[in-house]
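Colleague: My structure is below; once you've seen it, I'll send some questions.
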Number of protein chains: 4
Amino acid sequence: MIISMKIGATQEEINHVCERLGDFGYKAHPIFGEERVVIGAVGHGEHKQQAMESIEAAPGVESVVSISQPFKFVSKEFRQKSVVKVNGWEIGGPEFIVIAGPCSVESEEQILATAESVKRSGAHILRGGAFKPRTSPYDFQGLEAEGLKLLLKAKEKTGLAICTEVMSTEDVDLVAECSDILQVGARNMQNFNLLKRLGKTSRPIMLKRGLSSTIKEFLLSAEYIVTSGNPNVFLCERGIRTFETYTRNTLDLSAIPVLEELTHLPIIVDPSHGTGKRSLVPAMARASVAAGADGLMIEVHPNPEKALSDGPQSLRLTQFEQLMKDLRPYIDLWKADRAAAQATVLVGKA
Amino acid sequence: MIISMKIGATQEEINHVCERLGDFGYKAHPIFGEERVVIGAVGHGEHKQQAMESIEAAPGVESVVSISQPFKFVSKEFRQKSVVKVNGWEIGGPEFIVIAGPCSVESEEQILATAESVKRSGAHILRGGAFKPRTSPYDFQGLEAEGLKLLLKAKEKTGLAICTEVMSTEDVDLVAECSDILQVGARNMQNFNLLKRLGKTSRPIMLKRGLSSTIKEFLLSAEYIVTSGNPNVFLCERGIRTFETYTRNTLDLSAIPVLEELTHLPIIVDPSHGTGKRSLVPAMARASVAAGADGLMIEVHPNPEKALSDGPQSLRLTQFEQLMKDLRPYIDLWKADRAAAQATVLVGKA
Amino acid sequence: MIISMKIGATQEEINHVCERLGDFGYKAHPIFGEERVVIGAVGHGEHKQQAMESIEAAPGVESVVSISQPFKFVSKEFRQKSVVKVNGWEIGGPEFIVIAGPCSVESEEQILATAESVKRSGAHILRGGAFKPRTSPYDFQGLEAEGLKLLLKAKEKTGLAICTEVMSTEDVDLVAECSDILQVGARNMQNFNLLKRLGKTSRPIMLKRGLSSTIKEFLLSAEYIVTSGNPNVFLCERGIRTFETYTRNTLDLSAIPVLEELTHLPIIVDPSHGTGKRSLVPAMARASVAAGADGLMIEVHPNPEKALSDGPQSLRLTQFEQLMKDLRPYIDLWKADRAAAQATVLVGKA
Amino acid sequence: MIISMKIGATQEEINHVCERLGDFGYKAHPIFGEERVVIGAVGHGEHKQQAMESIEAAPGVESVVSISQPFKFVSKEFRQKSVVKVNGWEIGGPEFIVIAGPCSVESEEQILATAESVKRSGAHILRGGAFKPRTSPYDFQGLEAEGLKLLLKAKEKTGLAICTEVMSTEDVDLVAECSDILQVGARNMQNFNLLKRLGKTSRPIMLKRGLSSTIKEFLLSAEYIVTSGNPNVFLCERGIRTFETYTRNTLDLSAIPVLEELTHLPIIVDPSHGTGKRSLVPAMARASVAAGADGLMIEVHPNPEKALSDGPQSLRLTQFEQLMKDLRPYIDLWKADRAAAQATVLVGKA
């Protein structure tokens, strides 16, 4: 870390900071500039955040800046690329993975009709919410355990793996029994008790980016799960909150190459929540493929008008079918790029 | 609600929307404009959000706008002003309430020294975190149950009521046993399971505004607690996330008069998290009093440099003492305003 | 527009609003709901914004919402798709247009080397700043008139059309003499005097989205130019300001399909400013093509390390060459989509 | 500045960065950490921003961070506190200054009535827009030269100094003839040509913060004016753009103590634009005084409902009168604080 002292900081203050750095296990390298003193701290302290805050609180200190990434096990420096296996598919592997289904599980008829249709259209995994985080207590809160049963039925019928949200530590076991992927919703990205608890399962976890989370915070939340014992984590960009009101969120597609630089975890995109409008989903789905995402999550409903949640952003079954057709040539280019990249890696190793 | 049809929407589409409104229990009033048709929907449908989304998903619909507030029990229309009683004090009453203490409970010595000092300086309630939500898994996570015991000791010694955070449904009973106020942190403002569970206690709840929560979402989260059975809720503005990086958050003091217009719940301000910098706390504390908040929450530490969390934004004991002295004349003006407002209400009723 | 009266608004207040609506040329349709009264206003008032604000300021009014778009000549309702012709190329036409070049014109050698190289790589238009808007007065401010001369030389040598920024009404004539496209920078998107002045030229205008501009404001700025007399306007999405600090801005690619829905003006994307990092440009360029943009603007420099501005986001000449090769299959898909869309339109007309 | 090299950067890359730093006039101090190399750069290079970008663009560089403020003449290190004199009043001096008046000058009757009333209520300076920056070309654009004449009449009648906006370099002379203070609006905060031109006048300049400007950018814009020759600058916080939609902007009152730490320039607050709602203005005005602002700018209109702009946020004449009465005790506390601070400074000098 780099400590910038205030202009006019005394020698005593500088010495004090150097001593404190020593207490935390860092070696101090003061640089005496014309205007002020800057201290470089080298080493691996145990409690880096605490050390930074402590030093920042010392007299004569202007600011403290970290120069290393705060995450370890999810970082690119730890591994090049990881793959999350689900029901025979590999997220982060050579196939572009599509998760599709309704926002909420509403009835047996609804979920079965959707599952069969999205499978025919080429989806790999079925999504559907049983436990629903809703902004208002007056909105539909999900079918809960009953919804999980309906998802299992859909799995039996179609063979599709299941992805559904878990909202509370108390429900982890129940949801893990039924679902192939446990989803952490945007509003729970910093529910640290839930993250730690999910580290105790071995189920794949899909972690959605929080509404106002930086990339760094996003990766630290993934780090919570991984350091708690579960390395099967993949990420989902689903839009961030900005001043723009025409779209529900602002889909941050630059997160794809940014995460590609920083982490080995796979990353998929949810253009349905990312835009909030059905008409915008196809263009953002194509762009996600082209930007190099590992997959997509798309909301689909047999009758969006009768949906109990998120109707305006859900594709009809035929629209999803059309989308999958339209994505085909983009996914072909994606596969060629992947294969070429893989070949380069192999050549590099040879 | 108001439905704006697309330009060129057909009569069939308009009829369909009117029928759907009827299904949801609304009476439709179409207005035929020169450019497009607008439909006013009158009534109290059961599932308003669902109705809105359903209508928005119908063919020919451009947009749907709500004209009534989505919250009921926390609204100004339900009650003028409520008071939350804590240990003999009234938040929202005729006294300006100050909650003070360290970010985290770290040791018996630390919490007792802080408690005694802030009491002498005029604080009414002691804060201190036992369960800590930290962005990184490598940061200090709190003393947990041990921390709660230390808070109880501080209460015995000083008589100050206790305010501490609860992060998980599983910890609610434990924390409720020890603490006079249960705090919901910003990152848990939309942890709906936790909110519902807190509705089952009778303890006062302090709900902090989420980092990127609108006022409307803030009040809907309060509505979750109240509709679940616990009316003892007060709100805490603690800064929102913006593009500005000089401060940790942007303290939104306009939330005070806005909430005063919309809700009967008391509202306090946390300028420590709101700014992230000790030097900015006094000015923002004065401004909060002047803007009409019901109280303040201030982070105080006997030795901020040795704090295990939030040192840079914590006041030293003597700085807090000075702040309380400096606030005195502003609080006197505040009391006079409150008394005058109260007198007006009484005259109005007479 | 729709006027929502406060709960408990008096009949007198309602009548007053209806009268005021009449004054502004609207016909009032009050709807008496169970909770409150809502008034629909039908017609085309002259000063809509003023009418809305006036009504909002009247006693008993809760809120006023517009139901029609505030822009006319740039709207989709005015025309389906427009094309801006530049030096034989058509922006918004059947070719995907690439504008490339350095952030600033720095020397004859630099601009000629860049121009020749980007032309060989397939760029259609040369960019280069002569007048530079810089955050700090201590930064390089551009070569000004001398820079324009160098751009003309580059045009002579390569035949590439020129795109350069104009910052002030006083420079419009000078820049219009030399440049084929006049660029309005993000910081000047709401410099209304400049917009009006550009409406008096016939040169194509590239209008960049402001750092915190909504789509609606973006289109209203375009409307300023068009209503002032110049219909040759195209738009450029270049990233908006959010809380994320890893990227310079957050590139809002959903703006592409949104603008496609709202306006007939062509839209290009600038992933260099949109991300601020060279390594992120290729992925965002591919995504822009896939999302359906009409073109790209890319910063390229023969030696980014020696660039007087924006080095970190500029591609080297060879990197740009590689990017153009990599984009080729995506642009082929883009062309096929365009041709198919065009065929559909023709069939529709036949 | 501090350069953080990538993990695994080669010795050659490190040497290259050190050489480049030398080219720009900096002395390099590399620190060899366990994980990576960090280089401290000491000295005062001529083109710091360019040097930073150049180094950031070099191979092996991870990031470059500045450790000194980019502004000089407006910084606290240059001077403690400056005062802007206007018509016998001192902004930044011992009096709390109130600027009041309508958004736009609309008619002789309107501006005279307002001027006389706000003067009686205690305002020091009259505001009123003659040139109006409006989001839509269909909105009222101001009376322009005719408006300036009406402001002069109001000055003659009441003796109040005038504050009005200048939008374009071409209008600077005309506006400077009539107005005691030239206002730079939020949308022009980074209209650098205008800022440079205003540096050539000697008139006091009120610089409003841009809608999405950081504090640093705000001060760099002030630096443009000062380095161009005009030191008579004061700042105006008027709200920033965030995700919250209940208020027109989010008034950032923490900007007051932040600017107090960073600059000697006076700072006033505009709670009318900052909130966009008349009902919120009084609380935010009180808070501004308590936070230590040097003054306020308040929109007042004899008949807000008939206002041609900003009616919803304008106080009626009697409301402004009441506000000034209500502010009195807060201003008295403010004056006592100022006098005490002044006394401390004098004692320090003695």
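Residues in the structure tokens are numbered from 1 in each chain, the chains being A, B, ... in the order shown, and ligands are numbered from 1 in the order shown.
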Give the residues of chain D that lie within 6 Å of chain C; count only C-alpha atoms, and format the answer as a list in words.
Modeller: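 Taking only C-alpha atoms into account, Gln50, Glu53, Ser54, Ala57, Ala58, Ser136, Pro137, Leu220, Tyr224, Glu305, Lys306, Leu308, Gly311 and Pro312 of chain D sit within 6 Å of chain C.
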Colleague: In Å, how far is it from atom CA of D:Leu112 to atom CA of D:Ile99?
Modeller: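 These atoms are spaced 15.2 Å apart.
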Colleague: Got a sec to tell me which of stretch 91-321 of chain C DSSP assigns to strand (DSSP E), as a count of residues only?
Modeller: 35
Colleague: From the list A:Cys103, A:Ile331, A:Ala293, A:Ala336, which residue is nearest A:Ser254 when using only C-alpha atoms?
Modeller: A:Ala293
Colleague: What is the distance, in Å and to one decimal place, between atom CA of C:Val172 and atom CA of C:Ala130?
Modeller: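 Between atom CA of C:Val172 and atom CA of C:Ala130 the gap works out to 12.7 Å.
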Colleague: Run DSSP on the backbone of this structure and report the residues of stretch 53-131 of chain D it assigns to alpha helix (DSSP H), as an mmCIF file with all heavy atoms, in the first residue's frame.
Modeller:
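Result went into result.cif, see below:
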```
data_model
loop_
_atom_site.group_PDB
_atom_site.id
_atom_site.type_symbol
_atom_site.label_atom_id
_atom_site.label_comp_id
_atom_site.auth_asym_id
_atom_site.auth_seq_id
_atom_site.Cartn_x
_atom_site.Cartn_y
_atom_site.Cartn_z
ATOM 1 N N GLU D 53 -0.683 9.764 -18.156
ATOM 2 C CA GLU D 53 -1.264 8.943 -19.224
ATOM 3 C C GLU D 53 -0.186 8.207 -20.003
ATOM 4 O O GLU D 53 -0.364 7.054 -20.392
ATOM 5 C CB GLU D 53 -2.098 9.806 -20.176
ATOM 6 C CG GLU D 53 -3.401 10.278 -19.554
ATOM 7 C CD GLU D 53 -4.296 10.981 -20.555
ATOM 8 O OE1 GLU D 53 -3.877 11.131 -21.728
ATOM 9 O OE2 GLU D 53 -5.414 11.384 -20.180
ATOM 10 N N SER D 54 0.918 8.898 -20.231
ATOM 11 C CA SER D 54 1.995 8.290 -20.991
ATOM 12 C C SER D 54 2.543 7.078 -20.233
ATOM 13 O O SER D 54 2.717 6.004 -20.800
ATOM 14 C CB SER D 54 3.101 9.321 -21.215
ATOM 15 O OG SER D 54 4.223 8.698 -21.753
ATOM 16 N N ILE D 55 2.793 7.256 -18.945
ATOM 17 C CA ILE D 55 3.338 6.154 -18.142
ATOM 18 C C ILE D 55 2.308 5.026 -18.086
ATOM 19 O O ILE D 55 2.657 3.849 -18.186
ATOM 20 C CB ILE D 55 3.684 6.662 -16.717
ATOM 21 C CG1 ILE D 55 4.710 7.797 -16.762
ATOM 22 C CG2 ILE D 55 4.169 5.493 -15.851
ATOM 23 C CD1 ILE D 55 6.063 7.429 -17.287
ATOM 24 N N GLU D 56 1.031 5.393 -17.948
ATOM 25 C CA GLU D 56 -0.009 4.362 -17.857
ATOM 26 C C GLU D 56 -0.049 3.540 -19.154
ATOM 27 O O GLU D 56 -0.443 2.371 -19.139
ATOM 28 C CB GLU D 56 -1.376 5.006 -17.589
ATOM 29 C CG GLU D 56 -2.412 4.002 -17.102
ATOM 30 C CD GLU D 56 -3.771 4.648 -16.860
ATOM 31 O OE1 GLU D 56 -3.835 5.862 -16.582
ATOM 32 O OE2 GLU D 56 -4.785 3.922 -16.964
ATOM 33 N N GLU D 108 -41.331 43.412 -16.848
ATOM 34 C CA GLU D 108 -40.919 44.481 -15.934
ATOM 35 C C GLU D 108 -41.664 44.355 -14.612
ATOM 36 O O GLU D 108 -41.074 44.445 -13.541
ATOM 37 C CB GLU D 108 -41.198 45.846 -16.580
ATOM 38 C CG GLU D 108 -40.803 46.995 -15.674
ATOM 39 C CD GLU D 108 -40.755 48.328 -16.403
ATOM 40 O OE1 GLU D 108 -40.681 48.332 -17.660
ATOM 41 O OE2 GLU D 108 -40.796 49.359 -15.723
ATOM 42 N N GLU D 109 -42.940 44.113 -14.718
ATOM 43 C CA GLU D 109 -43.759 44.010 -13.512
ATOM 44 C C GLU D 109 -43.257 42.884 -12.613
ATOM 45 O O GLU D 109 -43.108 43.048 -11.404
ATOM 46 C CB GLU D 109 -45.210 43.719 -13.951
ATOM 47 C CG GLU D 109 -46.212 43.816 -12.838
ATOM 48 C CD GLU D 109 -47.569 43.260 -13.294
ATOM 49 O OE1 GLU D 109 -47.677 42.909 -14.502
ATOM 50 O OE2 GLU D 109 -48.473 43.148 -12.457
ATOM 51 N N GLN D 110 -42.997 41.746 -13.239
ATOM 52 C CA GLN D 110 -42.564 40.576 -12.465
ATOM 53 C C GLN D 110 -41.234 40.808 -11.767
ATOM 54 O O GLN D 110 -41.092 40.523 -10.581
ATOM 55 C CB GLN D 110 -42.475 39.360 -13.408
ATOM 56 C CG GLN D 110 -41.876 38.128 -12.769
ATOM 57 C CD GLN D 110 -40.585 37.669 -13.459
ATOM 58 O OE1 GLN D 110 -39.899 38.453 -14.121
ATOM 59 N NE2 GLN D 110 -40.271 36.402 -13.273
ATOM 60 N N ILE D 111 -40.256 41.346 -12.489
ATOM 61 C CA ILE D 111 -38.924 41.446 -11.892
ATOM 62 C C ILE D 111 -38.891 42.557 -10.840
ATOM 63 O O ILE D 111 -38.227 42.423 -9.798
ATOM 64 C CB ILE D 111 -37.824 41.613 -12.975
ATOM 65 C CG1 ILE D 111 -36.437 41.362 -12.374
ATOM 66 C CG2 ILE D 111 -37.869 42.951 -13.661
ATOM 67 C CD1 ILE D 111 -36.192 39.955 -11.926
ATOM 68 N N LEU D 112 -39.645 43.655 -11.098
ATOM 69 C CA LEU D 112 -39.645 44.737 -10.108
ATOM 70 C C LEU D 112 -40.349 44.301 -8.826
ATOM 71 O O LEU D 112 -39.870 44.563 -7.717
ATOM 72 C CB LEU D 112 -40.316 45.988 -10.680
ATOM 73 C CG LEU D 112 -39.515 46.707 -11.780
ATOM 74 C CD1 LEU D 112 -40.213 48.018 -12.168
ATOM 75 C CD2 LEU D 112 -38.087 46.997 -11.323
ATOM 76 N N ALA D 113 -41.465 43.647 -8.985
ATOM 77 C CA ALA D 113 -42.202 43.185 -7.799
ATOM 78 C C ALA D 113 -41.345 42.241 -6.974
ATOM 79 O O ALA D 113 -41.290 42.323 -5.738
ATOM 80 C CB ALA D 113 -43.501 42.493 -8.227
ATOM 81 N N THR D 114 -40.658 41.336 -7.665
ATOM 82 C CA THR D 114 -39.819 40.382 -6.952
ATOM 83 C C THR D 114 -38.658 41.088 -6.266
ATOM 84 O O THR D 114 -38.358 40.828 -5.090
ATOM 85 C CB THR D 114 -39.273 39.321 -7.927
ATOM 86 O OG1 THR D 114 -40.348 38.784 -8.688
ATOM 87 C CG2 THR D 114 -38.585 38.199 -7.172
ATOM 88 N N ALA D 115 -38.004 41.979 -7.006
ATOM 89 C CA ALA D 115 -36.821 42.661 -6.462
ATOM 90 C C ALA D 115 -37.181 43.426 -5.197
ATOM 91 O O ALA D 115 -36.501 43.338 -4.171
ATOM 92 C CB ALA D 115 -36.229 43.597 -7.512
ATOM 93 N N GLU D 116 -38.268 44.173 -5.264
ATOM 94 C CA GLU D 116 -38.642 44.970 -4.104
ATOM 95 C C GLU D 116 -38.997 44.096 -2.908
ATOM 96 O O GLU D 116 -38.624 44.374 -1.771
ATOM 97 C CB GLU D 116 -39.808 45.907 -4.474
ATOM 98 C CG GLU D 116 -39.288 47.108 -5.271
ATOM 99 C CD GLU D 116 -40.383 47.892 -5.993
ATOM 100 O OE1 GLU D 116 -41.574 47.567 -5.790
ATOM 101 O OE2 GLU D 116 -40.035 48.807 -6.755
ATOM 102 N N SER D 117 -39.687 43.020 -3.208
ATOM 103 C CA SER D 117 -40.102 42.147 -2.110
ATOM 104 C C SER D 117 -38.921 41.422 -1.478
ATOM 105 O O SER D 117 -38.785 41.376 -0.261
ATOM 106 C CB SER D 117 -41.133 41.127 -2.629
ATOM 107 O OG SER D 117 -41.518 40.264 -1.601
ATOM 108 N N VAL D 118 -38.029 40.839 -2.297
ATOM 109 C CA VAL D 118 -36.912 40.087 -1.697
ATOM 110 C C VAL D 118 -35.966 41.041 -0.964
ATOM 111 O O VAL D 118 -35.359 40.671 0.033
ATOM 112 C CB VAL D 118 -36.139 39.218 -2.727
ATOM 113 C CG1 VAL D 118 -37.070 38.195 -3.368
ATOM 114 C CG2 VAL D 118 -35.417 40.054 -3.767
ATOM 115 N N LYS D 119 -35.873 42.283 -1.459
ATOM 116 C CA LYS D 119 -35.027 43.231 -0.734
ATOM 117 C C LYS D 119 -35.609 43.486 0.667
ATOM 118 O O LYS D 119 -34.891 43.447 1.661
ATOM 119 C CB LYS D 119 -34.914 44.541 -1.492
ATOM 120 C CG LYS D 119 -33.900 45.440 -0.791
ATOM 121 C CD LYS D 119 -33.651 46.763 -1.403
ATOM 122 C CE LYS D 119 -32.551 47.433 -0.542
ATOM 123 N NZ LYS D 119 -32.341 48.809 -0.957
ATOM 124 N N ARG D 120 -36.890 43.768 0.707
ATOM 125 C CA ARG D 120 -37.549 43.981 2.003
ATOM 126 C C ARG D 120 -37.359 42.792 2.927
ATOM 127 O O ARG D 120 -37.204 42.940 4.139
ATOM 128 C CB ARG D 120 -39.061 44.196 1.797
ATOM 129 C CG ARG D 120 -39.504 45.639 1.737
ATOM 130 C CD ARG D 120 -41.007 45.787 1.948
ATOM 131 N NE ARG D 120 -41.787 44.854 1.156
ATOM 132 C CZ ARG D 120 -42.152 45.052 -0.123
ATOM 133 N NH1 ARG D 120 -41.808 46.166 -0.748
ATOM 134 N NH2 ARG D 120 -42.861 44.156 -0.753
ATOM 135 N N SER D 121 -37.350 41.593 2.360
ATOM 136 C CA SER D 121 -37.217 40.388 3.185
ATOM 137 C C SER D 121 -35.776 40.143 3.635
ATOM 138 O O SER D 121 -35.536 39.294 4.497
ATOM 139 C CB SER D 121 -37.712 39.169 2.408
ATOM 140 O OG SER D 121 -39.074 39.313 2.066
#
```
Colleague: Counting only C-alpha atoms, what is within 12 Å of C:Gly93, bar same-chain residues fewer than 4 positions away, as a list in words?
Modeller: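 Contacts, in chain order: Lys81, Ser82, Val83, Val84, Lys85, Val86, Gly88, Trp89, Ile97, Phe234, His264, Leu265, Pro266, Ile267, Gly292, Ala293, Asp294, Gly295, Trp334, Lys335, Arg338, Ala339, Ala341 and Gln342 of chain C.
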Colleague: Residues as selected, N, CA, C and O atoms, written as a short mmCIF file (atom, residue, chain, number, x, y, z; two decimals), in the first residue's frame, can you do that?
Modeller:
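Output file selection.cif follows:
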```
data_model
loop_
_atom_site.label_atom_id
_atom_site.label_comp_id
_atom_site.auth_asym_id
_atom_site.auth_seq_id
_atom_site.Cartn_x
_atom_site.Cartn_y
_atom_site.Cartn_z
N LYS C 81 -35.91 5.89 -40.76
CA LYS C 81 -34.45 5.78 -40.62
C LYS C 81 -33.83 6.82 -41.52
O LYS C 81 -34.20 6.92 -42.69
N SER C 82 -32.92 7.59 -41.00
CA SER C 82 -32.26 8.55 -41.87
C SER C 82 -30.81 8.17 -42.06
O SER C 82 -30.24 7.39 -41.29
N VAL C 83 -30.22 8.72 -43.09
CA VAL C 83 -28.86 8.40 -43.49
C VAL C 83 -28.10 9.71 -43.57
O VAL C 83 -28.61 10.69 -44.09
N VAL C 84 -26.89 9.75 -43.01
CA VAL C 84 -26.06 10.95 -43.12
C VAL C 84 -24.92 10.65 -44.10
O VAL C 84 -24.15 9.71 -43.90
N LYS C 85 -24.85 11.45 -45.17
CA LYS C 85 -23.85 11.20 -46.21
C LYS C 85 -22.58 11.99 -45.94
O LYS C 85 -22.64 13.20 -45.69
N VAL C 86 -21.47 11.28 -45.99
CA VAL C 86 -20.17 11.91 -45.75
C VAL C 86 -19.19 11.40 -46.78
O VAL C 86 -18.80 10.22 -46.73
N GLY C 88 -19.24 10.40 -49.73
CA GLY C 88 -19.54 9.18 -50.47
C GLY C 88 -20.00 8.02 -49.60
O GLY C 88 -20.59 7.05 -50.09
N TRP C 89 -19.73 8.09 -48.31
CA TRP C 89 -20.21 7.04 -47.39
C TRP C 89 -21.56 7.43 -46.81
O TRP C 89 -21.88 8.62 -46.72
N ILE C 97 -19.79 1.80 -40.71
CA ILE C 97 -18.79 2.86 -40.88
C ILE C 97 -17.85 2.92 -39.67
O ILE C 97 -18.30 2.92 -38.52
N PHE C 234 -25.96 12.69 -36.55
CA PHE C 234 -25.94 11.31 -36.05
C PHE C 234 -25.41 11.32 -34.63
O PHE C 234 -24.78 12.29 -34.18
N HIS C 264 -34.94 8.13 -35.72
CA HIS C 264 -34.46 7.69 -37.04
C HIS C 264 -33.00 8.07 -37.26
O HIS C 264 -32.42 7.71 -38.29
N LEU C 265 -32.40 8.75 -36.31
CA LEU C 265 -31.01 9.17 -36.49
C LEU C 265 -30.06 7.99 -36.35
O LEU C 265 -30.28 7.12 -35.51
N PRO C 266 -28.99 7.95 -37.14
CA PRO C 266 -27.99 6.88 -36.98
C PRO C 266 -27.26 7.02 -35.64
O PRO C 266 -27.19 8.11 -35.08
N ILE C 267 -26.73 5.90 -35.18
CA ILE C 267 -26.04 5.90 -33.89
C ILE C 267 -24.76 5.08 -34.00
O ILE C 267 -24.77 3.94 -34.47
N GLY C 292 -26.11 -3.78 -33.16
CA GLY C 292 -26.79 -3.11 -34.25
C GLY C 292 -26.43 -1.65 -34.46
O GLY C 292 -27.16 -0.92 -35.14
N ALA C 293 -25.31 -1.20 -33.89
CA ALA C 293 -24.87 0.18 -34.13
C ALA C 293 -24.62 0.40 -35.61
O ALA C 293 -24.40 -0.56 -36.36
N ASP C 294 -24.63 1.68 -36.02
CA ASP C 294 -24.36 1.98 -37.44
C ASP C 294 -22.87 2.15 -37.71
O ASP C 294 -22.48 2.27 -38.88
N GLY C 295 -22.08 2.21 -36.66
CA GLY C 295 -20.65 2.39 -36.87
C GLY C 295 -19.92 2.48 -35.56
O GLY C 295 -20.50 2.34 -34.48
N TRP C 334 -23.81 -8.45 -39.59
CA TRP C 334 -24.51 -7.16 -39.51
C TRP C 334 -25.11 -6.79 -40.87
O TRP C 334 -26.27 -6.38 -40.96
N LYS C 335 -24.29 -6.96 -41.92
CA LYS C 335 -24.78 -6.61 -43.26
C LYS C 335 -25.93 -7.50 -43.69
O LYS C 335 -26.89 -7.02 -44.30
N ARG C 338 -28.99 -6.23 -41.95
CA ARG C 338 -29.46 -4.99 -42.58
C ARG C 338 -30.20 -5.27 -43.88
O ARG C 338 -31.26 -4.70 -44.15
N ALA C 339 -29.58 -6.14 -44.66
CA ALA C 339 -30.18 -6.44 -45.97
C ALA C 339 -31.55 -7.09 -45.77
O ALA C 339 -32.53 -6.75 -46.46
N ALA C 341 -33.54 -6.75 -43.17
CA ALA C 341 -34.47 -5.73 -42.67
C ALA C 341 -34.95 -4.85 -43.81
O ALA C 341 -36.13 -4.52 -43.92
N GLN C 342 -34.01 -4.49 -44.68
CA GLN C 342 -34.34 -3.64 -45.81
C GLN C 342 -35.34 -4.35 -46.72
O GLN C 342 -36.33 -3.75 -47.18
#
```
Colleague: Pick out the residues sitting within 9 Å of D:Ile31, and hand them over as an NGL selection string; count only C-alpha atoms, and ignore anything fewer than 4 positions along from it in its own chain.
Modeller: (:A and (29 or 40-42)) or (:D and (36-40))
Colleague: Just the selected residues (N, CA, C and O atoms), exported as a compact mmCIF listing (two decimals), in the first residue's frame, please.
Modeller:
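That gives us result-v5.txt:
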```
# COMPACT_ATOMS: atom_id res chain seq x y z
N HIS A 29 8.94 2.15 3.17
CA HIS A 29 9.93 2.80 2.31
C HIS A 29 9.54 4.26 2.07
O HIS A 29 8.83 4.55 1.11
N GLY A 40 5.96 3.93 0.78
CA GLY A 40 5.57 2.66 0.18
C GLY A 40 5.66 1.57 1.25
O GLY A 40 6.63 1.51 1.99
N ALA A 41 4.61 0.73 1.34
CA ALA A 41 4.61 -0.34 2.33
C ALA A 41 4.67 -1.67 1.60
O ALA A 41 3.80 -1.96 0.77
N VAL A 42 5.67 -2.47 1.90
CA VAL A 42 5.86 -3.73 1.21
C VAL A 42 5.63 -4.89 2.17
O VAL A 42 6.03 -4.82 3.33
N ARG D 36 5.06 -7.29 -6.24
CA ARG D 36 5.24 -6.47 -7.43
C ARG D 36 6.13 -5.28 -7.11
O ARG D 36 6.44 -5.01 -5.96
N VAL D 37 6.49 -4.53 -8.15
CA VAL D 37 7.31 -3.33 -7.99
C VAL D 37 6.43 -2.10 -8.08
O VAL D 37 5.53 -2.03 -8.91
N VAL D 38 6.70 -1.16 -7.18
CA VAL D 38 6.00 0.11 -7.19
C VAL D 38 7.04 1.20 -7.33
O VAL D 38 8.12 1.11 -6.74
N ILE D 39 6.72 2.19 -8.15
CA ILE D 39 7.70 3.27 -8.38
C ILE D 39 7.11 4.60 -7.93
O ILE D 39 6.04 5.00 -8.39
N GLY D 40 7.80 5.24 -6.99
CA GLY D 40 7.39 6.59 -6.57
C GLY D 40 8.09 7.61 -7.46
O GLY D 40 9.27 7.48 -7.71
```
Colleague: Which residues are close to stretch 144-148 of chain D, i.e. within 9 Å by only C-alpha atoms, leaving aside same-chain residues fewer than 3 positions away? Reply as a ChimeraX atom specification.
Modeller: /D:104-108,128-132,141,151-153,164,174-175,178-179
